[in-house]
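Peer 1: Enclosed is the structure file data_1.txt (compact mmCIF, C-alpha atoms (C1' of nucleotides)).
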# COMPACT_ATOMS: atom_id res chain seq x y z
CA MET A 1 31.29 23.30 -21.34
CA GLN A 2 30.04 26.76 -22.02
CA GLN A 3 26.95 25.93 -20.05
CA PHE A 4 29.08 24.91 -17.13
CA TYR A 5 30.99 28.20 -17.02
CA GLU A 6 27.85 30.23 -17.32
CA ARG A 7 25.94 28.26 -14.77
CA LEU A 8 28.84 28.40 -12.37
CA ALA A 9 29.33 32.13 -12.82
CA THR A 10 25.69 32.96 -12.36
CA SER A 11 25.11 30.68 -9.41
CA GLY A 12 26.45 32.65 -6.51
CA GLN A 13 29.83 32.10 -4.95
CA HIS A 14 31.07 29.08 -6.83
CA ARG A 15 34.55 29.08 -8.31
CA LEU A 16 35.85 27.55 -11.47
CA THR A 17 38.79 25.43 -10.47
CA PRO A 18 41.00 23.29 -12.70
CA GLN A 19 39.69 20.22 -10.90
CA ARG A 20 36.13 21.06 -11.79
CA ALA A 21 37.02 21.78 -15.38
CA ASP A 22 38.86 18.46 -15.65
CA ILE A 23 35.96 16.53 -14.23
CA LEU A 24 33.57 18.22 -16.61
CA GLN A 25 35.94 17.39 -19.44
CA VAL A 26 35.81 13.72 -18.57
CA LEU A 27 32.05 13.77 -18.39
CA LEU A 28 31.89 15.35 -21.83
CA GLN A 29 34.29 12.84 -23.32
CA HIS A 30 32.38 9.89 -21.89
CA SER A 31 28.88 11.19 -22.13
CA GLU A 32 27.45 7.81 -23.11
CA GLU A 33 29.02 5.71 -20.41
CA HIS A 34 27.24 6.21 -17.11
CA LEU A 35 30.43 6.52 -15.13
CA SER A 36 30.61 5.96 -11.41
CA ALA A 37 32.41 8.37 -9.11
CA GLU A 38 35.40 6.09 -8.91
CA GLU A 39 35.59 5.65 -12.66
CA ILE A 40 35.48 9.38 -13.10
CA HIS A 41 38.19 9.76 -10.53
CA ALA A 42 40.39 7.28 -12.37
CA LEU A 43 39.89 9.04 -15.68
CA VAL A 44 40.52 12.51 -14.27
CA SER A 45 43.64 11.22 -12.58
CA GLU A 46 45.16 10.56 -16.01
CA THR A 47 45.29 14.26 -16.75
CA ASN A 48 45.37 15.49 -13.21
CA PRO A 49 47.10 13.01 -10.92
CA GLY A 50 46.66 13.85 -7.29
CA ILE A 51 43.08 14.90 -7.48
CA GLY A 52 41.14 13.59 -4.51
CA LEU A 53 38.17 11.30 -4.70
CA ALA A 54 36.32 13.58 -2.33
CA THR A 55 36.69 16.40 -4.80
CA VAL A 56 35.09 14.26 -7.45
CA TYR A 57 32.13 13.57 -5.20
CA ARG A 58 31.86 17.22 -4.25
CA THR A 59 31.98 18.34 -7.85
CA LEU A 60 29.38 15.82 -8.89
CA ASP A 61 27.10 17.02 -6.13
CA LEU A 62 27.57 20.56 -7.32
CA LEU A 63 26.90 19.66 -10.93
CA GLU A 64 23.79 17.87 -9.85
CA GLN A 65 22.58 20.92 -7.96
CA LEU A 66 23.21 23.03 -11.03
CA ASN A 67 21.21 20.52 -13.02
CA LEU A 68 24.11 19.76 -15.30
CA VAL A 69 24.39 16.18 -14.21
CA LEU A 70 21.89 13.48 -13.39
CA LYS A 71 22.58 10.93 -10.69
CA VAL A 72 21.28 7.52 -11.67
CA ASN A 73 21.09 4.27 -9.85
CA PHE A 74 21.05 0.93 -11.58
CA GLY A 75 20.98 -1.16 -8.46
CA ASP A 76 24.62 -2.20 -8.41
CA GLY A 77 25.33 -0.31 -5.24
CA LYS A 78 27.04 2.68 -6.73
CA SER A 79 25.62 5.85 -8.22
CA ARG A 80 26.35 6.80 -11.78
CA TYR A 81 26.39 10.22 -13.31
CA ASP A 82 25.06 11.38 -16.66
CA LEU A 83 25.71 14.67 -18.28
CA ARG A 84 22.47 16.38 -18.97
CA GLU A 85 22.24 18.52 -22.06
CA ASP A 86 19.96 21.47 -21.93
CA ASP A 87 18.47 20.88 -25.33
CA GLU A 88 17.25 17.45 -24.29
CA PRO A 89 15.67 18.33 -20.98
CA HIS A 90 15.09 14.94 -19.47
CA HIS A 91 14.07 12.47 -22.10
CA HIS A 92 16.80 10.01 -21.71
CA HIS A 93 15.97 6.48 -20.68
CA HIS A 94 17.85 3.27 -20.12
CA LEU A 95 17.66 -0.25 -21.43
CA ILE A 96 19.37 -2.51 -18.96
CA CYS A 97 20.28 -5.99 -20.12
CA LEU A 98 19.77 -8.58 -17.41
CA SER A 99 22.11 -10.98 -19.12
CA CYS A 100 25.23 -9.03 -20.10
CA GLY A 101 24.60 -5.97 -17.97
CA ARG A 102 25.08 -3.52 -20.80
CA ILE A 103 23.14 -0.30 -20.58
CA ALA A 104 21.82 1.29 -23.73
CA GLU A 105 20.11 4.62 -24.05
CA VAL A 106 16.88 5.71 -25.58
CA ARG A 107 16.69 9.36 -26.45
CA GLN A 108 13.07 9.94 -27.11
CA ASP A 109 10.31 11.87 -25.62
CA LEU A 110 8.27 8.87 -24.71
CA LEU A 111 6.45 10.22 -21.75
CA HIS A 112 5.21 13.65 -22.54
CA ASN A 113 1.59 12.59 -22.62
CA LEU A 114 1.99 10.43 -19.57
CA GLU A 115 3.35 13.29 -17.55
CA GLU A 116 0.25 15.24 -18.32
CA THR A 117 -2.05 12.35 -17.49
CA VAL A 118 -0.35 11.70 -14.19
CA GLY A 119 -0.36 15.36 -13.34
CA ARG A 120 -4.05 15.65 -13.96
CA GLU A 121 -5.14 12.47 -12.25
CA HIS A 122 -3.02 12.82 -9.14
CA GLY A 123 -2.66 16.57 -8.78
CA PHE A 124 1.03 16.11 -9.12
CA THR A 125 3.25 18.64 -10.88
CA VAL A 126 5.80 16.61 -12.77
CA VAL A 127 9.23 18.18 -13.10
CA ASP A 128 11.27 15.23 -14.26
CA HIS A 129 11.08 11.50 -14.64
CA ARG A 130 13.29 8.49 -14.81
CA LEU A 131 12.53 5.37 -16.79
CA GLN A 132 14.41 2.11 -16.92
CA PHE A 133 13.57 -0.93 -18.99
CA PHE A 134 14.90 -4.30 -17.91
CA GLY A 135 15.20 -7.14 -20.35
CA TYR A 136 17.51 -8.73 -22.87
CA CYS A 137 19.41 -6.90 -25.54
CA ALA A 138 19.69 -7.96 -29.17
CA ASP A 139 22.90 -9.90 -28.49
CA CYS A 140 21.47 -11.81 -25.58
CA SER A 141 18.08 -12.03 -27.25
CA SER A 142 16.31 -14.57 -25.07
CA PRO A 143 15.78 -14.97 -21.34
CA THR A 144 16.87 -18.57 -21.51
CA GLU A 145 20.28 -17.72 -22.92
CA ASN A 146 23.48 -17.10 -20.92
CA MET B 1 1.43 -15.37 1.36
CA GLN B 2 0.21 -18.38 -0.48
CA GLN B 3 2.33 -17.34 -3.40
CA PHE B 4 5.34 -17.23 -1.15
CA TYR B 5 4.88 -20.75 0.09
CA GLU B 6 4.30 -22.10 -3.37
CA ARG B 7 7.17 -20.27 -4.92
CA LEU B 8 9.47 -21.37 -2.14
CA ALA B 9 8.39 -24.97 -2.35
CA THR B 10 8.78 -25.17 -6.09
CA SER B 11 12.08 -23.36 -6.26
CA GLY B 12 14.56 -26.03 -5.37
CA GLN B 13 16.16 -26.37 -1.97
CA HIS B 14 14.80 -23.38 -0.14
CA ARG B 15 13.27 -23.75 3.27
CA LEU B 16 10.39 -22.00 4.89
CA THR B 17 11.68 -20.69 8.19
CA PRO B 18 9.82 -18.64 10.78
CA GLN B 19 12.13 -15.72 10.03
CA ARG B 20 11.18 -15.73 6.41
CA ALA B 21 7.50 -15.98 7.21
CA ASP B 22 7.78 -13.06 9.63
CA ILE B 23 9.55 -10.90 7.12
CA LEU B 24 6.96 -11.68 4.50
CA GLN B 25 4.27 -10.85 7.03
CA VAL B 26 5.75 -7.41 7.58
CA LEU B 27 5.98 -6.78 3.88
CA LEU B 28 2.34 -7.71 3.47
CA GLN B 29 1.25 -5.48 6.32
CA HIS B 30 3.18 -2.52 4.97
CA SER B 31 2.78 -3.07 1.30
CA GLU B 32 2.43 0.61 0.52
CA GLU B 33 5.41 1.91 2.42
CA HIS B 34 8.60 1.19 0.53
CA LEU B 35 10.44 -0.02 3.58
CA SER B 36 14.21 -0.14 3.81
CA ALA B 37 16.04 -3.19 5.11
CA GLU B 38 16.57 -1.58 8.47
CA GLU B 39 12.94 -0.54 8.79
CA ILE B 40 11.89 -4.07 7.99
CA HIS B 41 14.32 -5.38 10.55
CA ALA B 42 12.88 -3.06 13.19
CA LEU B 43 9.32 -4.13 12.42
CA VAL B 44 10.13 -7.82 12.36
CA SER B 45 11.95 -7.46 15.64
CA GLU B 46 8.68 -6.52 17.31
CA THR B 47 7.29 -10.01 16.76
CA ASN B 48 10.57 -11.81 16.55
CA PRO B 49 13.22 -10.14 18.68
CA GLY B 50 16.65 -11.50 18.03
CA ILE B 51 16.33 -11.79 14.31
CA GLY B 52 19.51 -10.69 12.63
CA LEU B 53 19.78 -7.87 10.14
CA ALA B 54 21.76 -10.14 7.85
CA THR B 55 18.84 -12.50 7.72
CA VAL B 56 16.61 -9.69 6.60
CA TYR B 57 19.00 -8.86 3.79
CA ARG B 58 19.33 -12.49 2.82
CA THR B 59 15.59 -13.00 2.79
CA LEU B 60 15.03 -9.89 0.73
CA ASP B 61 17.60 -11.09 -1.79
CA LEU B 62 15.82 -14.39 -1.96
CA LEU B 63 12.43 -12.79 -2.40
CA GLU B 64 13.84 -10.64 -5.13
CA GLN B 65 15.21 -13.69 -6.91
CA LEU B 66 11.82 -15.32 -6.64
CA ASN B 67 10.30 -12.20 -8.12
CA LEU B 68 8.14 -11.63 -5.08
CA VAL B 69 9.82 -8.40 -4.15
CA LEU B 70 11.14 -5.46 -6.13
CA LYS B 71 14.21 -3.58 -5.00
CA VAL B 72 13.84 0.13 -5.63
CA ASN B 73 16.20 3.00 -5.25
CA PHE B 74 15.04 6.53 -4.65
CA GLY B 75 18.49 8.02 -4.39
CA ASP B 76 18.67 8.36 -0.63
CA GLY B 77 21.46 5.85 -0.29
CA LYS B 78 19.42 2.90 0.85
CA SER B 79 17.45 0.34 -1.11
CA ARG B 80 13.77 -0.11 -0.52
CA TYR B 81 11.68 -3.17 -1.08
CA ASP B 82 8.22 -3.48 -2.57
CA LEU B 83 6.06 -6.51 -2.52
CA ARG B 84 5.13 -7.48 -5.99
CA GLU B 85 1.75 -8.99 -6.53
CA ASP B 86 1.38 -11.48 -9.30
CA ASP B 87 -1.88 -10.10 -10.60
CA GLU B 88 -0.24 -6.74 -11.21
CA PRO B 89 2.89 -7.90 -12.89
CA HIS B 90 5.00 -4.78 -12.93
CA HIS B 91 2.87 -1.75 -13.46
CA HIS B 92 3.60 0.12 -10.36
CA HIS B 93 5.22 3.53 -10.56
CA HIS B 94 6.25 6.22 -8.15
CA LEU B 95 5.54 9.88 -7.74
CA ILE B 96 8.31 11.37 -5.66
CA CYS B 97 7.71 14.79 -4.16
CA LEU B 98 10.82 16.94 -4.21
CA SER B 99 9.44 19.15 -1.50
CA CYS B 100 8.10 16.88 1.22
CA GLY B 101 9.72 13.65 0.06
CA ARG B 102 6.53 11.67 0.13
CA ILE B 103 6.25 8.83 -2.33
CA ALA B 104 2.92 8.04 -3.91
CA GLU B 105 2.10 5.17 -6.15
CA VAL B 106 0.49 4.88 -9.51
CA ARG B 107 -0.96 1.56 -10.33
CA GLN B 108 -1.63 1.69 -13.99
CA ASP B 109 -0.40 0.05 -17.05
CA LEU B 110 1.04 3.18 -18.55
CA LEU B 111 3.78 1.68 -20.58
CA HIS B 112 2.46 -1.31 -22.38
CA ASN B 113 2.66 0.33 -25.78
CA LEU B 114 6.02 1.85 -25.03
CA GLU B 115 7.49 -1.49 -24.16
CA GLU B 116 6.48 -2.77 -27.54
CA THR B 117 7.85 0.26 -29.34
CA VAL B 118 11.15 0.05 -27.55
CA GLY B 119 11.38 -3.64 -28.16
CA ARG B 120 10.82 -3.22 -31.84
CA GLU B 121 13.10 -0.25 -32.39
CA HIS B 122 16.03 -1.48 -30.36
CA GLY B 123 15.77 -5.23 -30.65
CA PHE B 124 15.37 -5.30 -26.91
CA THR B 125 13.13 -7.82 -25.15
CA VAL B 126 11.53 -5.94 -22.30
CA VAL B 127 10.87 -7.97 -19.20
CA ASP B 128 10.18 -5.22 -16.70
CA HIS B 129 10.43 -1.52 -16.25
CA ARG B 130 10.73 1.06 -13.56
CA LEU B 131 9.32 4.54 -13.76
CA GLN B 132 9.69 7.42 -11.35
CA PHE B 133 8.18 10.85 -11.65
CA PHE B 134 9.77 13.72 -9.76
CA GLY B 135 7.80 16.82 -8.96
CA TYR B 136 5.52 18.39 -6.41
CA CYS B 137 2.53 16.72 -4.86
CA ALA B 138 -0.88 18.28 -4.40
CA ASP B 139 -0.01 19.51 -0.90
CA CYS B 140 3.22 21.14 -1.97
CA SER B 141 1.65 22.19 -5.24
CA SER B 142 4.27 24.57 -6.58
CA PRO B 143 8.05 24.40 -7.08
CA THR B 144 8.44 27.81 -5.46
CA GLU B 145 6.93 26.66 -2.22
CA ASN B 146 8.92 25.47 0.77
C1' DT C 1 13.77 -40.21 14.58
C1' DG C 2 18.12 -39.17 12.21
C1' DC C 3 20.78 -36.87 8.71
C1' DA C 4 22.35 -33.87 5.19
C1' DT C 5 22.41 -29.40 4.43
C1' DA C 6 20.17 -24.93 4.23
C1' DA C 7 19.58 -21.07 7.28
C1' DT C 8 20.58 -18.23 11.23
C1' DG C 9 22.93 -14.71 14.33
C1' DA C 10 26.77 -12.05 15.56
C1' DG C 11 30.17 -9.58 14.26
C1' DA C 12 33.88 -8.55 11.08
C1' DA C 13 34.74 -6.79 6.62
C1' DA C 14 33.89 -4.57 2.30
C1' DT C 15 31.98 -0.69 -0.27
C1' DC C 16 30.43 3.58 -1.22
C1' DT C 17 29.78 8.25 0.40
C1' DT C 18 30.17 12.16 3.53
C1' DA C 19 32.48 14.96 7.05
C1' DT C 20 36.67 17.13 9.14
C1' DC C 21 40.41 20.20 8.98
C1' DA C 22 44.57 22.34 7.89
C1' DA C 23 46.57 24.10 3.68
C1' DT C 24 45.83 26.20 -0.83
C1' DA C 25 44.11 29.05 -4.36
C1' DA C 26 40.35 31.82 -6.83
C1' DG C 27 38.67 36.24 -7.77
C1' DG C 28 37.27 40.89 -6.39
C1' DG C 29 38.92 45.47 -4.44
C1' DG C 30 42.29 48.68 -3.87
C1' DC D 1 49.60 43.72 -9.48
C1' DC D 2 49.13 42.40 -4.77
C1' DC D 3 46.15 41.53 -0.73
C1' DC D 4 42.39 39.48 1.57
C1' DT D 5 38.33 36.98 2.13
C1' DT D 6 36.52 32.81 1.54
C1' DA D 7 35.55 28.82 -1.38
C1' DT D 8 38.02 24.69 -2.50
C1' DT D 9 41.18 21.02 -2.12
C1' DG D 10 43.50 16.62 -0.48
C1' DA D 11 44.08 13.26 2.93
C1' DT D 12 42.03 10.78 6.04
C1' DA D 13 38.72 9.63 9.40
C1' DA D 14 34.07 8.65 10.04
C1' DG D 15 29.41 7.10 8.63
C1' DA D 16 26.28 4.24 6.45
C1' DT D 17 24.69 0.41 3.98
C1' DT D 18 25.38 -4.15 2.42
C1' DT D 19 27.95 -8.49 2.18
C1' DC D 20 30.82 -12.15 4.12
C1' DT D 21 32.43 -15.59 7.57
C1' DC D 22 31.74 -19.18 10.49
C1' DA D 23 30.22 -21.76 14.19
C1' DT D 24 25.61 -23.15 15.64
C1' DT D 25 20.83 -24.31 14.83
C1' DA D 26 16.92 -26.14 12.63
C1' DT D 27 14.27 -27.69 8.33
C1' DG D 28 12.47 -31.24 5.52
C1' DC D 29 12.98 -35.61 3.81
C1' DA D 30 14.07 -40.67 4.15
Show the structure stored in the file as structure tokens.

Peer 2:
Amino acid sequence: MQQFYERLATSGQHRLTPQRADILQVLLQHSEEHLSAEEIHALVSETNPGIGLATVYRTLDLLEQLNLVLKVNFGDGKSRYDLREDDEPHHHHHLICLSCGRIAEVRQDLLHNLEETVGREHGFTVVDHRLQFFGYCADCSSPTEN
Amino acid sequence: MQQFYERLATSGQHRLTPQRADILQVLLQHSEEHLSAEEIHALVSETNPGIGLATVYRTLDLLEQLNLVLKVNFGDGKSRYDLREDDEPHHHHHLICLSCGRIAEVRQDLLHNLEETVGREHGFTVVDHRLQFFGYCADCSSPTEN
DNA sequence: TGCATAATGAGAAATCTTATCAATAAGGGG
DNA sequence: CCCCTTATTGATAAGATTTCTCATTATGCA
């Protein structure tokens, strides 16, 4: 939250509105849930009825620009938004269950070495990465199930 | 192409239509380009004018089900489709340049060990994965540029 | 060849996201 | 503390991508 204020203050002509604070609040309270824009809108509406969906989209865009939020796509047609803590720069991956659809997180720096390898071999300066594993979670265990 | 026929024949009640063959043809001829549905439609229309966009979508869905095509999302709003060769099961990653937008490929089995680690630590059976690196390609070299 | 049924094309419809625009409010200067 | 500039908002229209509908066509098998 602090980060948000600071980043907003130091980033030019952006203003801290109640709407933006509320949206940030929701993101903080559901930081493990990969909410879609519409889900966020519904949750914010509980505290702040009357807020427009467009405002949610605009705020999410802004937060993404400020690098406070990561836009992810799991292939279900809608984008989802993850809060992005500064202390864990970008090592946040997803386990997507093909059976029940649940999405778990892996918070590990799995790819540090890979980033270096790729950078060297392809002359590519890696800034961030995104990694998704598809498979079957403990509950759904085997591909034949379900 | 052979794979396509076989897979189609052995997969129940699917039929091999000229439209499907044409779409597959295009995918084969542009296997490095990450085409969108509309781009594929445009290309197929050159040989087969009159083909419907819906057919392209339907065929791509089918090919995805048959595991012949991978649906990827680079965050530009539209899905893109990659042919998926059997001899390289799923080790095909992307380097996305934040400056010029170009998408390069890495064909390496970078994650074999990781898949095992993740599987063990989270009780998750990994079937596939998707990895994207964001950064700056050799031509755009530095984040400050452009 | 004939038949059952999968597949197609055209367009409507659904979904998600962005743009428009008048009205409102944030925040700095006096 | 009030004014003024200008960013922001809400409502809605517009845009874009993908899916659905349905009558028509064509595939593959007997």

Peer 1: Tell me, in Å to one decimal, how far atom CA of B:Asp128 is from atom C1' of C:DC16.

Peer 2: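 Computing the Euclidean distance for atom CA of B:Asp128 and atom C1' of C:DC16 yields 27.0 Å.
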
Peer 1: Hey, which of A:Leu131, A:Cys97, A:Val126, A:Leu24 ends up closest to B:Leu111? Count all atoms listed in the file.

Peer 2: A:Leu131

Peer 1: Restricting the calculation to all atoms listed in the file, which member of B:Leu53, B:Val26, B:Leu35, B:Ala42 is positioned closest to chain D?

Peer 2: B:Leu53

Peer 1: Write out the coordinates of chain B as a compact mmCIF listing (two decimals) with C-alpha atoms, in the coordinates of the input after a least-squares overlay onto chain A built on all ordered Cα pairs.

Peer 2:
# COMPACT_ATOMS: atom_id res chain seq x y z
CA MET B 1 31.20 23.27 -21.40
CA GLN B 2 29.95 26.72 -22.08
CA GLN B 3 26.85 25.88 -20.13
CA PHE B 4 28.98 24.87 -17.21
CA TYR B 5 30.84 28.14 -17.08
CA GLU B 6 27.68 30.16 -17.39
CA ARG B 7 25.78 28.19 -14.85
CA LEU B 8 28.66 28.38 -12.43
CA ALA B 9 29.12 32.09 -12.89
CA THR B 10 25.47 32.88 -12.44
CA SER B 11 24.91 30.61 -9.48
CA GLY B 12 26.21 32.63 -6.60
CA GLN B 13 29.59 32.08 -5.00
CA HIS B 14 30.88 29.08 -6.86
CA ARG B 15 34.33 29.09 -8.35
CA LEU B 16 35.67 27.58 -11.49
CA THR B 17 38.66 25.50 -10.48
CA PRO B 18 40.88 23.36 -12.68
CA GLN B 19 39.58 20.28 -10.88
CA ARG B 20 36.04 21.10 -11.78
CA ALA B 21 36.94 21.81 -15.37
CA ASP B 22 38.80 18.50 -15.61
CA ILE B 23 35.91 16.56 -14.20
CA LEU B 24 33.52 18.21 -16.60
CA GLN B 25 35.92 17.40 -19.41
CA VAL B 26 35.82 13.72 -18.53
CA LEU B 27 32.06 13.73 -18.37
CA LEU B 28 31.89 15.31 -21.80
CA GLN B 29 34.32 12.82 -23.28
CA HIS B 30 32.43 9.87 -21.86
CA SER B 31 28.92 11.13 -22.12
CA GLU B 32 27.51 7.76 -23.07
CA GLU B 33 29.09 5.66 -20.37
CA HIS B 34 27.29 6.17 -17.09
CA LEU B 35 30.47 6.49 -15.10
CA SER B 36 30.65 5.94 -11.37
CA ALA B 37 32.43 8.36 -9.07
CA GLU B 38 35.44 6.11 -8.85
CA GLU B 39 35.64 5.65 -12.61
CA ILE B 40 35.50 9.39 -13.04
CA HIS B 41 38.21 9.80 -10.46
CA ALA B 42 40.42 7.31 -12.29
CA LEU B 43 39.92 9.08 -15.61
CA VAL B 44 40.51 12.54 -14.20
CA SER B 45 43.63 11.30 -12.50
CA GLU B 46 45.17 10.63 -15.90
CA THR B 47 45.28 14.35 -16.68
CA ASN B 48 45.33 15.58 -13.14
CA PRO B 49 47.08 13.14 -10.83
CA GLY B 50 46.61 14.01 -7.22
CA ILE B 51 43.01 15.01 -7.44
CA GLY B 52 41.10 13.71 -4.47
CA LEU B 53 38.14 11.38 -4.65
CA ALA B 54 36.25 13.66 -2.30
CA THR B 55 36.60 16.46 -4.78
CA VAL B 56 35.04 14.30 -7.44
CA TYR B 57 32.08 13.60 -5.19
CA ARG B 58 31.77 17.24 -4.25
CA THR B 59 31.90 18.36 -7.85
CA LEU B 60 29.33 15.81 -8.90
CA ASP B 61 27.02 16.99 -6.14
CA LEU B 62 27.47 20.52 -7.34
CA LEU B 63 26.82 19.61 -10.95
CA GLU B 64 23.73 17.78 -9.89
CA GLN B 65 22.49 20.83 -8.01
CA LEU B 66 23.11 22.92 -11.08
CA ASN B 67 21.13 20.41 -13.08
CA LEU B 68 24.06 19.68 -15.34
CA VAL B 69 24.37 16.10 -14.23
CA LEU B 70 21.87 13.38 -13.40
CA LYS B 71 22.59 10.85 -10.70
CA VAL B 72 21.32 7.42 -11.68
CA ASN B 73 21.14 4.18 -9.84
CA PHE B 74 21.12 0.84 -11.58
CA GLY B 75 21.04 -1.22 -8.43
CA ASP B 76 24.68 -2.25 -8.35
CA GLY B 77 25.40 -0.34 -5.18
CA LYS B 78 27.09 2.65 -6.71
CA SER B 79 25.66 5.81 -8.20
CA ARG B 80 26.39 6.76 -11.76
CA TYR B 81 26.42 10.17 -13.31
CA ASP B 82 25.08 11.31 -16.65
CA LEU B 83 25.71 14.60 -18.27
CA ARG B 84 22.49 16.32 -18.99
CA GLU B 85 22.29 18.44 -22.07
CA ASP B 86 20.02 21.41 -21.99
CA ASP B 87 18.56 20.85 -25.42
CA GLU B 88 17.33 17.42 -24.35
CA PRO B 89 15.82 18.33 -21.06
CA HIS B 90 15.18 14.96 -19.50
CA HIS B 91 14.16 12.47 -22.10
CA HIS B 92 16.87 9.98 -21.72
CA HIS B 93 16.03 6.44 -20.69
CA HIS B 94 17.90 3.23 -20.15
CA LEU B 95 17.67 -0.27 -21.47
CA ILE B 96 19.40 -2.55 -19.01
CA CYS B 97 20.28 -6.04 -20.19
CA LEU B 98 19.78 -8.63 -17.48
CA SER B 99 22.08 -11.03 -19.24
CA CYS B 100 25.19 -9.09 -20.21
CA GLY B 101 24.59 -6.02 -18.06
CA ARG B 102 25.08 -3.58 -20.88
CA ILE B 103 23.17 -0.34 -20.65
CA ALA B 104 21.82 1.26 -23.79
CA GLU B 105 20.14 4.58 -24.09
CA VAL B 106 16.92 5.73 -25.59
CA ARG B 107 16.73 9.34 -26.46
CA GLN B 108 13.12 9.98 -27.10
CA ASP B 109 10.38 11.91 -25.59
CA LEU B 110 8.32 8.90 -24.67
CA LEU B 111 6.53 10.26 -21.70
CA HIS B 112 5.32 13.71 -22.48
CA ASN B 113 1.68 12.69 -22.52
CA LEU B 114 2.08 10.52 -19.47
CA GLU B 115 3.50 13.36 -17.47
CA GLU B 116 0.42 15.37 -18.22
CA THR B 117 -1.91 12.53 -17.36
CA VAL B 118 -0.18 11.87 -14.09
CA GLY B 119 -0.13 15.51 -13.24
CA ARG B 120 -3.81 15.86 -13.82
CA GLU B 121 -4.93 12.70 -12.06
CA HIS B 122 -2.77 13.04 -8.99
CA GLY B 123 -2.38 16.77 -8.62
CA PHE B 124 1.32 16.24 -9.04
CA THR B 125 3.54 18.74 -10.85
CA VAL B 126 6.04 16.67 -12.77
CA VAL B 127 9.47 18.20 -13.11
CA ASP B 128 11.45 15.20 -14.28
CA HIS B 129 11.23 11.49 -14.65
CA ARG B 130 13.41 8.46 -14.82
CA LEU B 131 12.62 5.35 -16.79
CA GLN B 132 14.48 2.07 -16.93
CA PHE B 133 13.60 -0.96 -18.99
CA PHE B 134 14.92 -4.34 -17.92
CA GLY B 135 15.19 -7.16 -20.39
CA TYR B 136 17.47 -8.76 -22.93
CA CYS B 137 19.35 -6.92 -25.61
CA ALA B 138 19.59 -7.95 -29.24
CA ASP B 139 22.80 -9.91 -28.62
CA CYS B 140 21.39 -11.84 -25.70
CA SER B 141 18.02 -12.01 -27.39
CA SER B 142 16.22 -14.52 -25.19
CA PRO B 143 15.69 -14.89 -21.43
CA THR B 144 16.67 -18.55 -21.63
CA GLU B 145 20.09 -17.76 -22.96
CA ASN B 146 23.20 -17.48 -20.83

Peer 1: Counting only C-alpha atoms (C1' of nucleotides), give me one row per residue of chain A with an atom at most 12 Å from an atom of chain D, showing the shortest contact pair and its distance in Å to one decimal, sorted by chain then residue number, as CSV.

Peer 2:
residue,atom,partner,partner_atom,distance
A:Gly12,CA,D:DA7,C1',11.1
A:Gln13,CA,D:DA7,C1',7.5
A:His14,CA,D:DA7,C1',7.1
A:Arg15,CA,D:DA7,C1',7.0
A:Leu16,CA,D:DT8,C1',9.7
A:Thr17,CA,D:DT8,C1',8.0
A:Pro18,CA,D:DT8,C1',10.7
A:Gln19,CA,D:DT9,C1',8.9
A:Arg20,CA,D:DT8,C1',10.2
A:Pro49,CA,D:DG10,C1',11.6
A:Gly50,CA,D:DG10,C1',8.0
A:Ile51,CA,D:DG10,C1',7.2
A:Gly52,CA,D:DG10,C1',5.6
A:Leu53,CA,D:DG10,C1',8.6
A:Ala54,CA,D:DG10,C1',8.0
A:Thr55,CA,D:DT9,C1',7.0
A:Val56,CA,D:DT9,C1',10.5
A:Arg58,CA,D:DT8,C1',9.8
A:Thr59,CA,D:DT8,C1',10.3
A:Asp76,CA,D:DT18,C1',11.0
A:Gly77,CA,D:DT18,C1',8.6
A:Lys78,CA,D:DT17,C1',11.2

Peer 1: Residues of chain C within 12 Å of chain B, using only C-alpha atoms (C1' of nucleotides), as a PyMOL selection string?

Peer 2: chain C and resi 5-11+16-18

Peer 1: Write out as a VMD selection string every residue belonging to chain A that has an atom at most 10 Å from any atom of chain B, counting all atoms listed in the file.

Peer 2: chain A and resid 71 to 75 77 to 79 93 to 98 104 to 106 110 to 111 114 to 115 117 to 119 121 to 143

Peer 1: If I take atom CA of B:Ile23 and atom CA of B:Glu64, how far is one from the other in Å, to one decimal?

Peer 2: 13.0 Å

Peer 1: For a test of reading the model, state the distance in Å between atom CA of B:Arg107 and atom CA of B:His92, rounded to one decimal.

Peer 2: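 If I compute the distance from atom CA of B:Arg107 to atom CA of B:His92, I get 4.8 Å.
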
Peer 1: Looking at B:Leu28, B:Val44, B:Leu83, B:Leu66, which one is nearest to B:Thr10, with distances taken over all atoms listed in the file?

Peer 2: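 Closest residue, counting all atoms listed in the file: B:Leu66.
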